[in-house]
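Data file: run_10.txt. Format and content: compact mmCIF, C-alpha atoms.
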```
# COMPACT_ATOMS: atom_id res chain seq x y z
CA MET A 1 0.00 0.00 0.00
CA SER A 2 1.36 3.42 -0.92
CA TYR A 3 0.28 6.86 0.21
CA ASP A 4 0.57 10.19 -1.53
CA PHE A 5 2.99 12.00 0.76
CA PRO A 6 4.46 15.46 0.09
CA PRO A 7 7.86 15.29 -1.67
CA LEU A 8 10.93 15.38 0.54
CA LYS A 9 12.76 18.71 0.51
CA ASN A 10 15.73 17.78 2.74
CA ASP A 11 17.30 14.37 2.08
CA LEU A 12 20.61 15.06 3.84
CA LEU A 13 19.99 12.33 6.43
CA LEU A 14 19.27 9.69 3.79
CA ARG A 15 22.32 10.63 1.71
CA ALA A 16 24.57 10.42 4.75
CA ALA A 17 23.11 7.03 5.66
CA ARG A 18 24.07 5.82 2.18
CA GLY A 19 27.66 6.85 2.91
CA GLU A 20 27.68 9.84 0.60
CA HIS A 21 29.63 13.08 0.95
CA THR A 22 27.40 15.82 2.34
CA ASP A 23 27.92 19.57 2.57
CA ARG A 24 27.55 19.22 6.33
CA ALA A 25 26.49 16.50 8.74
CA PRO A 26 22.75 16.00 9.11
CA VAL A 27 21.77 16.28 12.77
CA TRP A 28 18.97 15.14 15.06
CA VAL A 29 18.98 13.91 18.66
CA MET A 30 17.53 10.86 20.35
CA ARG A 31 14.49 11.73 22.52
CA GLN A 32 14.29 15.10 20.74
CA ALA A 33 10.52 15.04 21.30
CA GLY A 34 10.59 14.86 25.07
CA ARG A 35 10.50 16.27 28.57
CA TYR A 36 13.09 19.01 28.07
CA LEU A 37 10.53 20.87 25.90
CA PRO A 38 7.96 22.99 27.76
CA GLU A 39 5.43 22.35 24.99
CA PHE A 40 5.82 18.60 25.60
CA ARG A 41 5.32 19.03 29.34
CA LYS A 42 2.17 21.05 28.63
CA VAL A 43 0.65 18.14 26.66
CA ARG A 44 1.66 15.71 29.42
CA GLU A 45 -0.30 17.71 31.99
CA ASP A 46 -3.51 16.32 30.52
CA HIS A 47 -2.43 13.00 29.01
CA GLU A 48 -0.77 9.85 30.31
CA PHE A 49 2.41 8.77 28.48
CA PHE A 50 1.06 5.69 26.71
CA GLU A 51 -2.19 7.53 25.98
CA ILE A 52 -0.10 9.90 23.85
CA CYS A 53 1.59 6.96 22.14
CA ARG A 54 -1.78 5.39 21.32
CA THR A 55 -3.43 8.59 20.11
CA PRO A 56 -2.13 9.40 16.61
CA GLU A 57 -3.10 13.08 16.82
CA LEU A 58 -1.16 13.52 20.07
CA ALA A 59 1.83 11.46 18.90
CA THR A 60 1.97 13.53 15.73
CA GLU A 61 1.84 16.79 17.67
CA ILE A 62 4.69 15.69 19.97
CA THR A 63 6.76 14.49 17.00
CA LEU A 64 6.40 17.86 15.29
CA GLN A 65 7.26 20.01 18.33
CA PRO A 66 11.06 19.97 17.89
CA ILE A 67 10.68 20.38 14.11
CA ARG A 68 8.72 23.59 14.68
CA ARG A 69 11.02 24.91 17.40
CA TYR A 70 14.24 24.18 15.50
CA ALA A 71 12.97 24.83 11.97
CA GLY A 72 15.86 24.84 9.52
CA LEU A 73 18.31 23.46 12.09
CA ILE A 74 17.19 19.85 12.47
CA ASP A 75 17.34 17.23 9.73
CA ALA A 76 14.99 14.47 10.88
CA ALA A 77 11.83 13.78 12.84
CA ILE A 78 11.45 10.57 14.87
CA ILE A 79 7.97 9.32 15.55
CA PHE A 80 6.88 9.68 19.16
CA SER A 81 6.40 6.20 20.57
CA ASP A 82 8.23 3.86 22.95
CA ILE A 83 10.23 0.68 22.57
CA LEU A 84 7.94 -1.04 25.07
CA VAL A 85 4.91 -1.07 22.80
CA ILE A 86 6.09 -4.51 21.62
CA PRO A 87 5.84 -6.11 25.10
CA GLN A 88 2.41 -4.49 25.33
CA ALA A 89 1.48 -6.06 21.98
CA LEU A 90 2.54 -9.40 23.47
CA GLY A 91 -0.04 -8.90 26.21
CA MET A 92 2.14 -7.54 29.00
CA GLU A 93 1.01 -4.59 31.09
CA VAL A 94 3.48 -1.68 31.12
CA LEU A 95 2.99 1.40 33.28
CA MET A 96 4.99 4.63 33.26
CA LYS A 97 5.44 5.74 36.89
CA PRO A 98 7.51 7.74 35.99
CA GLY A 99 9.85 5.11 34.53
CA PRO A 100 8.55 1.91 32.91
CA THR A 101 7.18 -0.73 35.28
CA PHE A 102 5.87 -4.23 34.50
CA PRO A 103 3.45 -5.33 37.26
CA SER A 104 3.81 -8.99 36.19
CA PRO A 105 7.26 -9.60 34.67
CA LEU A 106 8.42 -12.95 33.32
CA GLU A 107 9.98 -14.92 36.17
CA THR A 108 10.61 -18.34 34.59
CA PRO A 109 10.40 -19.68 31.03
CA ALA A 110 7.01 -21.14 31.92
CA ASP A 111 5.68 -17.57 32.05
CA VAL A 112 6.32 -17.17 28.32
CA ALA A 113 3.12 -19.17 27.79
CA LYS A 114 1.22 -16.13 29.12
CA LEU A 115 2.32 -14.05 26.12
CA SER A 116 0.07 -13.70 23.09
CA GLU A 117 0.90 -16.53 20.71
CA ASN A 118 0.26 -14.58 17.52
CA VAL A 119 0.68 -10.82 17.34
CA ASP A 120 -1.07 -8.97 14.53
CA VAL A 121 0.90 -5.72 14.40
CA ASP A 122 -1.80 -3.97 12.38
CA GLU A 123 -4.30 -4.71 15.12
CA GLU A 124 -2.05 -4.21 18.15
CA LEU A 125 0.22 -1.42 16.92
CA GLY A 126 -1.83 0.18 14.20
CA TYR A 127 -1.90 3.42 16.19
CA VAL A 128 1.82 3.83 15.46
CA PHE A 129 1.21 3.37 11.75
CA GLU A 130 -1.59 5.94 11.83
CA ALA A 131 0.69 8.40 13.63
CA LEU A 132 3.39 7.87 11.00
CA LYS A 133 0.98 8.52 8.13
CA MET A 134 -0.40 11.62 9.82
CA THR A 135 3.07 12.93 10.64
CA ARG A 136 4.35 12.42 7.09
CA GLN A 137 1.52 14.57 5.83
CA LYS A 138 2.00 17.30 8.42
CA LEU A 139 5.78 17.42 7.96
CA GLU A 140 5.10 18.59 4.40
CA GLY A 141 8.43 17.11 3.30
CA GLN A 142 10.54 19.31 5.57
CA VAL A 143 12.68 16.41 6.85
CA PRO A 144 12.64 12.60 6.73
CA LEU A 145 10.64 10.67 9.32
CA ILE A 146 12.37 7.97 11.38
CA GLY A 147 10.60 4.87 12.69
CA PHE A 148 12.06 2.59 15.35
CA CYS A 149 11.78 -0.35 17.68
CA GLY A 150 13.67 -1.80 20.61
CA ALA A 151 16.10 -4.65 20.03
CA PRO A 152 15.01 -8.10 21.23
CA TRP A 153 17.64 -8.33 24.00
CA THR A 154 16.75 -4.93 25.43
CA LEU A 155 13.02 -5.75 25.28
CA MET A 156 13.55 -9.17 26.85
CA ALA A 157 15.54 -7.56 29.67
CA TYR A 158 12.68 -5.20 30.50
CA MET A 159 10.15 -8.02 30.31
CA ILE A 160 12.10 -10.07 32.88
CA GLU A 161 13.48 -7.32 35.15
CA GLY A 162 10.11 -5.60 35.37
CA GLY A 163 11.66 -2.21 34.64
CA ALA A 164 15.04 -0.54 34.44
CA SER A 165 17.91 -2.33 36.21
CA LYS A 166 21.55 -1.45 36.85
CA THR A 167 22.72 -5.08 36.95
CA LEU A 168 20.19 -6.94 34.75
CA GLN A 169 20.73 -9.84 37.14
CA LYS A 170 17.42 -11.56 36.43
CA SER A 171 17.52 -11.29 32.64
CA LYS A 172 21.20 -12.22 32.33
CA THR A 173 20.57 -15.20 34.61
CA TRP A 174 18.05 -16.39 32.01
CA LEU A 175 20.77 -16.35 29.32
CA PHE A 176 23.06 -18.56 31.40
CA LYS A 177 20.44 -20.77 33.08
CA TYR A 178 17.94 -21.09 30.23
CA PRO A 179 19.95 -20.42 27.04
CA GLU A 180 17.67 -22.28 24.62
CA GLU A 181 14.50 -20.77 26.07
CA SER A 182 16.17 -17.35 25.93
CA ARG A 183 17.08 -17.79 22.26
CA ALA A 184 13.51 -18.85 21.47
CA LEU A 185 12.05 -15.79 23.22
CA LEU A 186 14.55 -13.47 21.52
CA LYS A 187 13.68 -14.92 18.11
CA ARG A 188 9.97 -14.56 18.83
CA ILE A 189 10.44 -10.89 19.72
CA ALA A 190 12.59 -10.38 16.60
CA ASP A 191 9.78 -11.77 14.42
CA ILE A 192 7.45 -9.09 15.80
CA CYS A 193 10.13 -6.43 15.31
CA VAL A 194 10.35 -7.32 11.62
CA ASP A 195 6.58 -7.11 11.19
CA PHE A 196 6.48 -3.82 13.11
CA LEU A 197 9.31 -2.17 11.19
CA VAL A 198 7.96 -3.24 7.81
CA GLY A 199 4.59 -1.83 8.83
CA GLN A 200 6.27 1.43 9.73
CA VAL A 201 7.87 1.68 6.28
CA LYS A 202 4.52 0.96 4.66
CA ALA A 203 3.05 3.78 6.78
CA GLY A 204 5.72 6.29 5.74
CA ALA A 205 8.90 5.81 7.77
CA GLN A 206 11.92 6.77 5.65
CA LEU A 207 14.67 5.42 7.93
CA LEU A 208 14.51 2.84 10.72
CA GLN A 209 16.51 2.63 13.94
CA VAL A 210 16.82 -0.33 16.29
CA PHE A 211 17.67 0.60 19.89
CA ASP A 212 19.70 -2.00 21.81
CA SER A 213 20.12 0.15 24.90
CA ASN A 214 21.25 -2.77 27.09
CA ALA A 215 23.79 -4.17 24.62
CA GLY A 216 26.73 -2.99 26.71
CA ASP A 217 25.59 -5.08 29.67
CA LEU A 218 26.63 -8.20 27.76
CA SER A 219 30.18 -9.41 27.25
CA PRO A 220 31.28 -9.41 23.59
CA HIS A 221 30.78 -13.19 23.58
CA ASP A 222 27.28 -12.99 25.01
CA PHE A 223 26.32 -10.10 22.73
CA GLU A 224 27.46 -12.14 19.71
CA THR A 225 25.70 -15.24 21.06
CA PHE A 226 22.34 -13.80 22.07
CA SER A 227 21.72 -10.29 20.73
CA ALA A 228 23.58 -10.10 17.42
CA PRO A 229 21.76 -13.05 15.78
CA THR A 230 18.41 -11.35 16.35
CA LEU A 231 19.75 -8.02 15.11
CA ARG A 232 20.81 -9.80 11.91
CA GLN A 233 17.40 -11.48 11.77
CA ILE A 234 15.80 -8.04 11.83
CA SER A 235 18.03 -6.39 9.23
CA THR A 236 17.73 -9.34 6.84
CA GLY A 237 14.05 -9.89 7.53
CA VAL A 238 13.06 -6.28 6.96
CA ARG A 239 14.94 -6.05 3.65
CA ASP A 240 13.63 -9.40 2.41
CA ARG A 241 10.06 -8.50 3.31
CA LEU A 242 10.27 -5.10 1.63
CA THR A 243 11.72 -6.72 -1.48
CA GLY A 244 8.86 -9.21 -1.54
CA LEU A 245 6.36 -6.38 -1.26
CA GLY A 246 8.03 -4.38 -4.02
CA ILE A 247 8.79 -1.54 -1.60
CA PRO A 248 12.17 0.25 -1.88
CA HIS A 249 14.54 -0.39 1.00
CA VAL A 250 15.06 2.33 3.59
CA PRO A 251 18.32 2.87 5.52
CA LEU A 252 18.67 0.89 8.75
CA THR A 253 20.50 2.11 11.87
CA ILE A 254 21.61 0.02 14.84
CA PHE A 255 22.37 1.73 18.13
CA ALA A 256 23.86 -0.97 20.36
CA LYS A 257 24.88 1.23 23.29
CA GLY A 258 28.08 0.07 24.94
CA ALA A 259 28.67 -2.86 22.58
CA SER A 260 31.65 -3.16 20.27
CA PRO A 261 30.95 -1.16 17.09
CA ALA A 262 32.83 -3.87 15.19
CA ILE A 263 30.29 -6.51 16.23
CA ALA A 264 27.37 -4.13 15.67
CA ALA A 265 28.71 -3.37 12.18
CA ARG A 266 28.51 -7.07 11.30
CA CYS A 267 24.76 -7.13 11.92
CA GLY A 268 23.81 -5.76 8.50
CA TYR A 269 22.83 -2.13 9.16
CA ASP A 270 23.65 0.89 7.03
CA THR A 271 24.49 3.06 10.05
CA VAL A 272 26.12 2.19 13.36
CA GLY A 273 25.32 4.49 16.27
CA LEU A 274 28.15 5.31 18.67
CA ASP A 275 27.89 6.38 22.28
CA TRP A 276 30.24 9.02 23.68
CA THR A 277 32.83 6.47 24.86
CA GLU A 278 33.87 5.69 21.28
CA ASP A 279 36.33 7.66 19.15
CA PRO A 280 35.22 7.53 15.50
CA ARG A 281 38.85 7.48 14.34
CA ASP A 282 39.43 4.26 16.27
CA VAL A 283 36.16 2.82 14.99
CA VAL A 284 37.17 3.42 11.37
CA GLU A 285 40.94 2.98 11.47
CA THR A 286 41.35 0.25 14.10
CA LEU A 287 38.05 -1.63 13.99
CA HIS A 288 37.68 -1.11 10.21
CA VAL A 289 34.00 -0.16 10.41
CA ASP A 290 32.97 1.14 6.99
CA ALA A 291 29.29 1.81 7.74
CA CYS A 292 27.85 5.27 8.17
CA LEU A 293 28.37 6.41 11.77
CA GLN A 294 25.94 8.26 14.04
CA GLY A 295 26.71 10.21 17.20
CA ASN A 296 28.22 10.90 19.55
CA LEU A 297 28.38 13.90 21.90
CA ASP A 298 28.05 13.13 25.61
CA PRO A 299 24.52 14.37 26.46
CA VAL A 300 25.82 15.94 29.68
CA VAL A 301 27.86 18.43 27.62
CA LEU A 302 24.55 20.22 27.01
CA TYR A 303 24.63 21.31 30.68
CA GLY A 304 28.12 22.77 30.38
CA GLY A 305 27.23 26.17 28.88
CA ARG A 306 27.63 27.62 25.40
CA ASP A 307 31.43 27.71 25.41
CA ALA A 308 31.69 24.05 26.42
CA ILE A 309 29.07 22.99 23.87
CA GLU A 310 30.89 24.79 21.06
CA ARG A 311 34.28 23.45 22.12
CA GLU A 312 33.07 19.84 22.36
CA VAL A 313 31.04 19.96 19.15
CA LYS A 314 34.07 21.37 17.33
CA ARG A 315 36.20 18.53 18.71
CA MET A 316 33.54 15.93 17.77
CA CYS A 317 33.26 17.26 14.23
CA ALA A 318 37.03 17.23 13.81
CA ALA A 319 37.18 13.59 14.95
CA PHE A 320 34.47 12.39 12.55
CA ARG A 321 35.95 14.36 9.65
CA SER A 322 39.43 13.01 10.44
CA ALA A 323 38.02 9.47 10.42
CA ARG A 324 36.88 10.09 6.82
CA GLY A 325 40.08 11.63 5.55
CA GLY A 326 39.22 15.21 6.46
CA VAL A 327 35.76 15.41 4.89
CA THR A 328 32.17 15.02 6.07
CA ARG A 329 31.00 11.69 4.68
CA GLY A 330 28.83 8.93 6.09
CA TRP A 331 28.18 10.68 9.39
CA ILE A 332 24.92 11.63 11.11
CA ALA A 333 25.55 13.99 14.03
CA ASN A 334 23.69 13.13 17.23
CA LEU A 335 24.21 12.73 20.94
CA GLY A 336 25.76 9.56 22.30
CA HIS A 337 22.44 8.73 23.98
CA GLY A 338 19.10 10.46 24.52
CA ILE A 339 18.77 14.08 25.58
CA THR A 340 17.89 14.38 29.28
CA PRO A 341 14.97 16.33 30.77
CA GLY A 342 16.87 19.19 32.39
CA VAL A 343 18.48 20.55 29.21
CA ASP A 344 17.66 24.15 28.28
CA PRO A 345 16.07 24.01 24.81
CA GLU A 346 18.17 27.01 23.77
CA ASP A 347 21.34 25.11 24.58
CA LEU A 348 20.17 22.35 22.25
CA ARG A 349 19.62 25.02 19.60
CA TRP A 350 23.25 26.09 20.09
CA PHE A 351 24.32 22.45 19.66
CA PHE A 352 22.51 22.31 16.31
CA GLU A 353 24.05 25.61 15.19
CA CYS A 354 27.55 24.47 16.15
CA VAL A 355 27.15 21.18 14.27
CA ARG A 356 26.15 23.08 11.14
CA LYS A 357 29.19 25.35 11.49
CA TYR A 358 31.91 22.85 12.34
CA SER A 359 30.79 19.88 10.21
CA ALA A 360 30.61 21.90 7.01
CA ASN A 361 32.77 20.87 4.07
CA ILE A 362 34.51 24.14 3.16
```
Mind turning the file's structure into structure tokens?
Amino acid sequence: MSYDFPPLKNDLLLRAARGEHTDRAPVWVMRQAGRYLPEFRKVREDHEFFEICRTPELATEITLQPIRRYAGLIDAAIIFSDILVIPQALGMEVLMKPGPTFPSPLETPADVAKLSENVDVDEELGYVFEALKMTRQKLEGQVPLIGFCGAPWTLMAYMIEGGASKTLQKSKTWLFKYPEESRALLKRIADICVDFLVGQVKAGAQLLQVFDSNAGDLSPHDFETFSAPTLRQISTGVRDRLTGLGIPHVPLTIFAKGASPAIAARCGYDTVGLDWTEDPRDVVETLHVDACLQGNLDPVVLYGGRDAIEREVKRMCAAFRSARGGVTRGWIANLGHGITPGVDPEDLRWFFECVRKYSANI
């Protein structure tokens, strides 16, 4: 199914994701539609978090807020949703209080039987598709629209831990104590991820990102054993499905926070996201990663004042350009993780302005 969307006016993000030279680095930030924005907080006064996710009009409004505020400075919109809509589609209750909480997490492999056996993403997650279609229309082609999902390992960890965890003791214990059952659950989640991402492309998403936020909690061996196979399943499955439907492929990004970029780069994605602990020169020259790179300013720099932001953005731009032989090529500027709630929106504006200045090919 195809929709008549307005033509895209700014394809900088898509060209960078294809590894092309660009006049400057395209820039957006993870969680750019979020709590640091007063207009977002105003909407939240009257609406619960997942109510916004499930209401296409509200999700569209939230998605567009940073595009309006930073018009001409930001090169992508990312649909407002949450990675935990997939566990919800599987029949699990997820509350936001204020962080995500699962009242009845998975405790043993026997609990997997409680999950919905067959998930129809159109029925369970159709609200995301409607929000994407609505947002594509209202963007009027200003910037590309990004769709996303959580990676199977990160989703499985939430489903077992019952929320955020510093140690992931319960979910990692599953990997060691119940390895076959863990692989089966991870594959099952990956199957839904493929359906969900393909549905997002059909609804108008022009680039897809997979968030493996808990990747760095696994050793390289365990990441390669448990997470990477499902990340490959997703990248291969999405492309194969799109080919079968006669739909052009869209660029795919993997953000495996804390994991080796070399392993992440072997999972079949066009772009590899880096957190702030990685130096892009090492990633390219030592680890021989040839994919487009995304990142990677430490989000806390945004609290350091204008001088610090400019200094660190200049240093970041120099590192990414040096990694590509002194030019801006195959790089999407971003933070090394999501923006945090206390950031002054005007300091984020300064970040965008500095990226435009210091990433430019002169």
Radius query 10 Å about (6.2, -1.7, 9.0), atoms used: all atoms listed in the file, as a PyMOL selection string: chain A and resi 121-122+125-126+128-129+147-148+193-205+208+238+241-242
Would you write out those residues with C-alpha atoms, as a CSV table (one decimal), in the frame of the given file?
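Contents of part.csv, as written:
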```
chain,number,residue,atom,x,y,z
A,121,VAL,CA,0.9,-5.7,14.4
A,122,ASP,CA,-1.8,-4.0,12.4
A,125,LEU,CA,0.2,-1.4,16.9
A,126,GLY,CA,-1.8,0.2,14.2
A,128,VAL,CA,1.8,3.8,15.5
A,129,PHE,CA,1.2,3.4,11.8
A,147,GLY,CA,10.6,4.9,12.7
A,148,PHE,CA,12.1,2.6,15.4
A,193,CYS,CA,10.1,-6.4,15.3
A,194,VAL,CA,10.4,-7.3,11.6
A,195,ASP,CA,6.6,-7.1,11.2
A,196,PHE,CA,6.5,-3.8,13.1
A,197,LEU,CA,9.3,-2.2,11.2
A,198,VAL,CA,8.0,-3.2,7.8
A,199,GLY,CA,4.6,-1.8,8.8
A,200,GLN,CA,6.3,1.4,9.7
A,201,VAL,CA,7.9,1.7,6.3
A,202,LYS,CA,4.5,1.0,4.7
A,203,ALA,CA,3.0,3.8,6.8
A,204,GLY,CA,5.7,6.3,5.7
A,205,ALA,CA,8.9,5.8,7.8
A,208,LEU,CA,14.5,2.8,10.7
A,238,VAL,CA,13.1,-6.3,7.0
A,241,ARG,CA,10.1,-8.5,3.3
A,242,LEU,CA,10.3,-5.1,1.6
```
Closest of A:Phe176, A:Tyr3, A:Tyr36, A:Tyr303 to Pro345 in chain A - atom-to-atom distances counting all atoms listed in the file: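 With all atoms listed in the file as the atom set, the closest residue is A:Tyr36.
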For Gly99 in chain A: contacts at 8 Å, all atoms listed in the file, fewer than 2 positions along chain excluded, given as a PyMOL selection string: chain A and resi 95-97+101+163-164
Shell around Gln294 in chain A at 9 Å using only C-alpha atoms, local window under 5 positions removed, as a VMD selection string: chain A and resid 17 253 255 271 to 275 330 to 336
Interatomic distance, CA of Ala131 in chain A to CA of Gln209 in chain A (Å, one decimal):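 CA of Gln209 in chain A lies at a distance of 16.8 Å from CA of Ala131 in chain A.
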Can you tell me which residues surround Asp23 in chain A at a distance of at most 9 Å, considering only C-alpha atoms, apart from same-chain residues fewer than 6 positions away, and format the answer as a PDB file with C-alpha atoms, in the coordinates of the input?
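Output saved as part_11.pdb:
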```
ATOM      1  CA  LEU A  12      20.610  15.060   3.840  1.00  0.00           C
ATOM      2  CA  THR A 328      32.170  15.020   6.070  1.00  0.00           C
ATOM      3  CA  ARG A 329      31.000  11.690   4.680  1.00  0.00           C
ATOM      4  CA  SER A 359      30.790  19.880  10.210  1.00  0.00           C
ATOM      5  CA  ALA A 360      30.610  21.900   7.010  1.00  0.00           C
ATOM      6  CA  ASN A 361      32.770  20.870   4.070  1.00  0.00           C
ATOM      7  CA  ILE A 362      34.510  24.140   3.160  1.00  0.00           C
TER       8      ILE A 362
END
```
Pick from A:Leu168, A:Val143, A:Val43, A:Ile79 nearest to Pro7 in chain A, counting only C-alpha atoms: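 So, comparing all the options, the nearest one is A:Val143.
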Long-range neighbours of Ser213 in chain A as a list in words, 10 Å cut-off, all atoms listed in the file, 2 positions minimum in chain: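 Counting all atoms listed in the file, the residues come to Gly150, Ala151, Trp153, Thr154, Leu155, Val210, Phe211, Ala215, Gly216, Asp217, Phe255, Ala256, Lys257, Gly258, Ala259 and His337 of chain A.
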10 Å contact set for Ala59 in chain A, only C-alpha atoms, chain neighbours under 6 positions out, as a PDB file with C-alpha atoms, in the coordinates of the input:
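Output file part.pdb is given in full below:
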```pdb
ATOM      1  CA  ALA A  33      10.520  15.040  21.300  1.00  0.00           C
ATOM      2  CA  PHE A  49       2.410   8.770  28.480  1.00  0.00           C
ATOM      3  CA  PHE A  50       1.060   5.690  26.710  1.00  0.00           C
ATOM      4  CA  GLU A  51      -2.190   7.530  25.980  1.00  0.00           C
ATOM      5  CA  ILE A  52      -0.100   9.900  23.850  1.00  0.00           C
ATOM      6  CA  CYS A  53       1.590   6.960  22.140  1.00  0.00           C
ATOM      7  CA  ILE A  79       7.970   9.320  15.550  1.00  0.00           C
ATOM      8  CA  PHE A  80       6.880   9.680  19.160  1.00  0.00           C
ATOM      9  CA  SER A  81       6.400   6.200  20.570  1.00  0.00           C
ATOM     10  CA  TYR A 127      -1.900   3.420  16.190  1.00  0.00           C
ATOM     11  CA  VAL A 128       1.820   3.830  15.460  1.00  0.00           C
ATOM     12  CA  GLU A 130      -1.590   5.940  11.830  1.00  0.00           C
ATOM     13  CA  ALA A 131       0.690   8.400  13.630  1.00  0.00           C
ATOM     14  CA  LEU A 132       3.390   7.870  11.000  1.00  0.00           C
ATOM     15  CA  MET A 134      -0.400  11.620   9.820  1.00  0.00           C
ATOM     16  CA  THR A 135       3.070  12.930  10.640  1.00  0.00           C
TER      17      THR A 135
END
```
A:Glu181, A:Leu37, A:Gly237, A:Pro6 ranked by distance to Ala110 in chain A, top pick (using all atoms listed in the file):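 Nearest candidate to Ala110 in chain A out of A:Glu181, A:Leu37, A:Gly237, A:Pro6: A:Glu181.
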Nearest-residue call for Met30 in chain A, choices A:Ile74, A:Ala16, A:Leu58, A:Ala318, using all atoms listed in the file: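 Result for the nearest residue to Met30 in chain A: A:Ile74.
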Two-atom distance - CA of Arg54 in chain A, CA of Leu348 in chain A (Å): 27.8 Å
Nearest to Lys9 in chain A, chosen from A:Thr167, A:Thr22, A:Asn296, A:Gln142, with only C-alpha atoms counted in the distances: A:Gln142
Among listed residues A:Met92, A:Ile189, A:Ile309, A:Leu252, nearest Ser104 in chain A (using all atoms listed in the file):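 Looking at the shortest contact to Ser104 in chain A, the residue is A:Met92.
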Listed atoms of range 219-228 of chain A boxed axis-aligned with 3 Å per side, centre + edges as lines of an AutoDock Vina configuration file:
```
center_x = 26.5
center_y = -12.3
center_z = 22.3
size_x = 15.6
size_y = 11.8
size_z = 15.8
```
Interatomic distance, CA of Asp120 in chain A to CA of Ile192 in chain A (Å, one decimal):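 Atom-to-atom, CA of Asp120 in chain A to CA of Ile192 in chain A, that is 8.6 Å.
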Since the input is missing atoms, can you rebuild N, CA, C and O atoms for range 100-111 of chain A and write them as a PDB file, keeping the file's coordinate frame?
```
ATOM      1  N   PRO A 100       9.367   3.075  33.273  1.00  0.00           N
ATOM      2  CA  PRO A 100       8.550   1.910  32.910  1.00  0.00           C
ATOM      3  C   PRO A 100       8.547   0.842  33.998  1.00  0.00           C
ATOM      4  O   PRO A 100       9.584   0.508  34.576  1.00  0.00           O
ATOM      5  N   THR A 101       7.359   0.316  34.277  1.00  0.00           N
ATOM      6  CA  THR A 101       7.180  -0.730  35.280  1.00  0.00           C
ATOM      7  C   THR A 101       6.269  -1.811  34.717  1.00  0.00           C
ATOM      8  O   THR A 101       5.224  -1.513  34.134  1.00  0.00           O
ATOM      9  N   PHE A 102       6.680  -3.069  34.900  1.00  0.00           N
ATOM     10  CA  PHE A 102       5.870  -4.230  34.500  1.00  0.00           C
ATOM     11  C   PHE A 102       5.306  -4.856  35.777  1.00  0.00           C
ATOM     12  O   PHE A 102       6.070  -5.459  36.551  1.00  0.00           O
ATOM     13  N   PRO A 103       4.012  -4.740  36.045  1.00  0.00           N
ATOM     14  CA  PRO A 103       3.450  -5.330  37.260  1.00  0.00           C
ATOM     15  C   PRO A 103       3.643  -6.842  37.348  1.00  0.00           C
ATOM     16  O   PRO A 103       3.770  -7.392  38.442  1.00  0.00           O
ATOM     17  N   SER A 104       3.668  -7.523  36.188  1.00  0.00           N
ATOM     18  CA  SER A 104       3.810  -8.990  36.190  1.00  0.00           C
ATOM     19  C   SER A 104       4.900  -9.408  35.200  1.00  0.00           C
ATOM     20  O   SER A 104       4.624  -9.882  34.096  1.00  0.00           O
ATOM     21  N   PRO A 105       6.172  -9.222  35.580  1.00  0.00           N
ATOM     22  CA  PRO A 105       7.260  -9.600  34.670  1.00  0.00           C
ATOM     23  C   PRO A 105       7.375 -11.107  34.508  1.00  0.00           C
ATOM     24  O   PRO A 105       6.765 -11.873  35.264  1.00  0.00           O
ATOM     25  N   LEU A 106       8.152 -11.526  33.523  1.00  0.00           N
ATOM     26  CA  LEU A 106       8.420 -12.950  33.320  1.00  0.00           C
ATOM     27  C   LEU A 106       9.416 -13.398  34.385  1.00  0.00           C
ATOM     28  O   LEU A 106      10.494 -12.812  34.524  1.00  0.00           O
ATOM     29  N   GLU A 107       9.084 -14.443  35.107  1.00  0.00           N
ATOM     30  CA  GLU A 107       9.980 -14.920  36.170  1.00  0.00           C
ATOM     31  C   GLU A 107      10.694 -16.214  35.771  1.00  0.00           C
ATOM     32  O   GLU A 107      11.866 -16.406  36.108  1.00  0.00           O
ATOM     33  N   THR A 108      10.003 -17.091  35.079  1.00  0.00           N
ATOM     34  CA  THR A 108      10.610 -18.340  34.590  1.00  0.00           C
ATOM     35  C   THR A 108      10.154 -18.551  33.150  1.00  0.00           C
ATOM     36  O   THR A 108       9.172 -17.945  32.700  1.00  0.00           O
ATOM     37  N   PRO A 109      10.838 -19.419  32.414  1.00  0.00           N
ATOM     38  CA  PRO A 109      10.400 -19.680  31.030  1.00  0.00           C
ATOM     39  C   PRO A 109       8.954 -20.130  30.912  1.00  0.00           C
ATOM     40  O   PRO A 109       8.325 -19.917  29.875  1.00  0.00           O
ATOM     41  N   ALA A 110       8.406 -20.720  31.970  1.00  0.00           N
ATOM     42  CA  ALA A 110       7.010 -21.140  31.920  1.00  0.00           C
ATOM     43  C   ALA A 110       6.082 -19.941  31.728  1.00  0.00           C
ATOM     44  O   ALA A 110       4.979 -20.075  31.157  1.00  0.00           O
ATOM     45  N   ASP A 111       6.515 -18.767  32.170  1.00  0.00           N
ATOM     46  CA  ASP A 111       5.680 -17.570  32.050  1.00  0.00           C
ATOM     47  C   ASP A 111       5.537 -17.089  30.610  1.00  0.00           C
ATOM     48  O   ASP A 111       4.635 -16.300  30.304  1.00  0.00           O
TER      49      ASP A 111
END
```
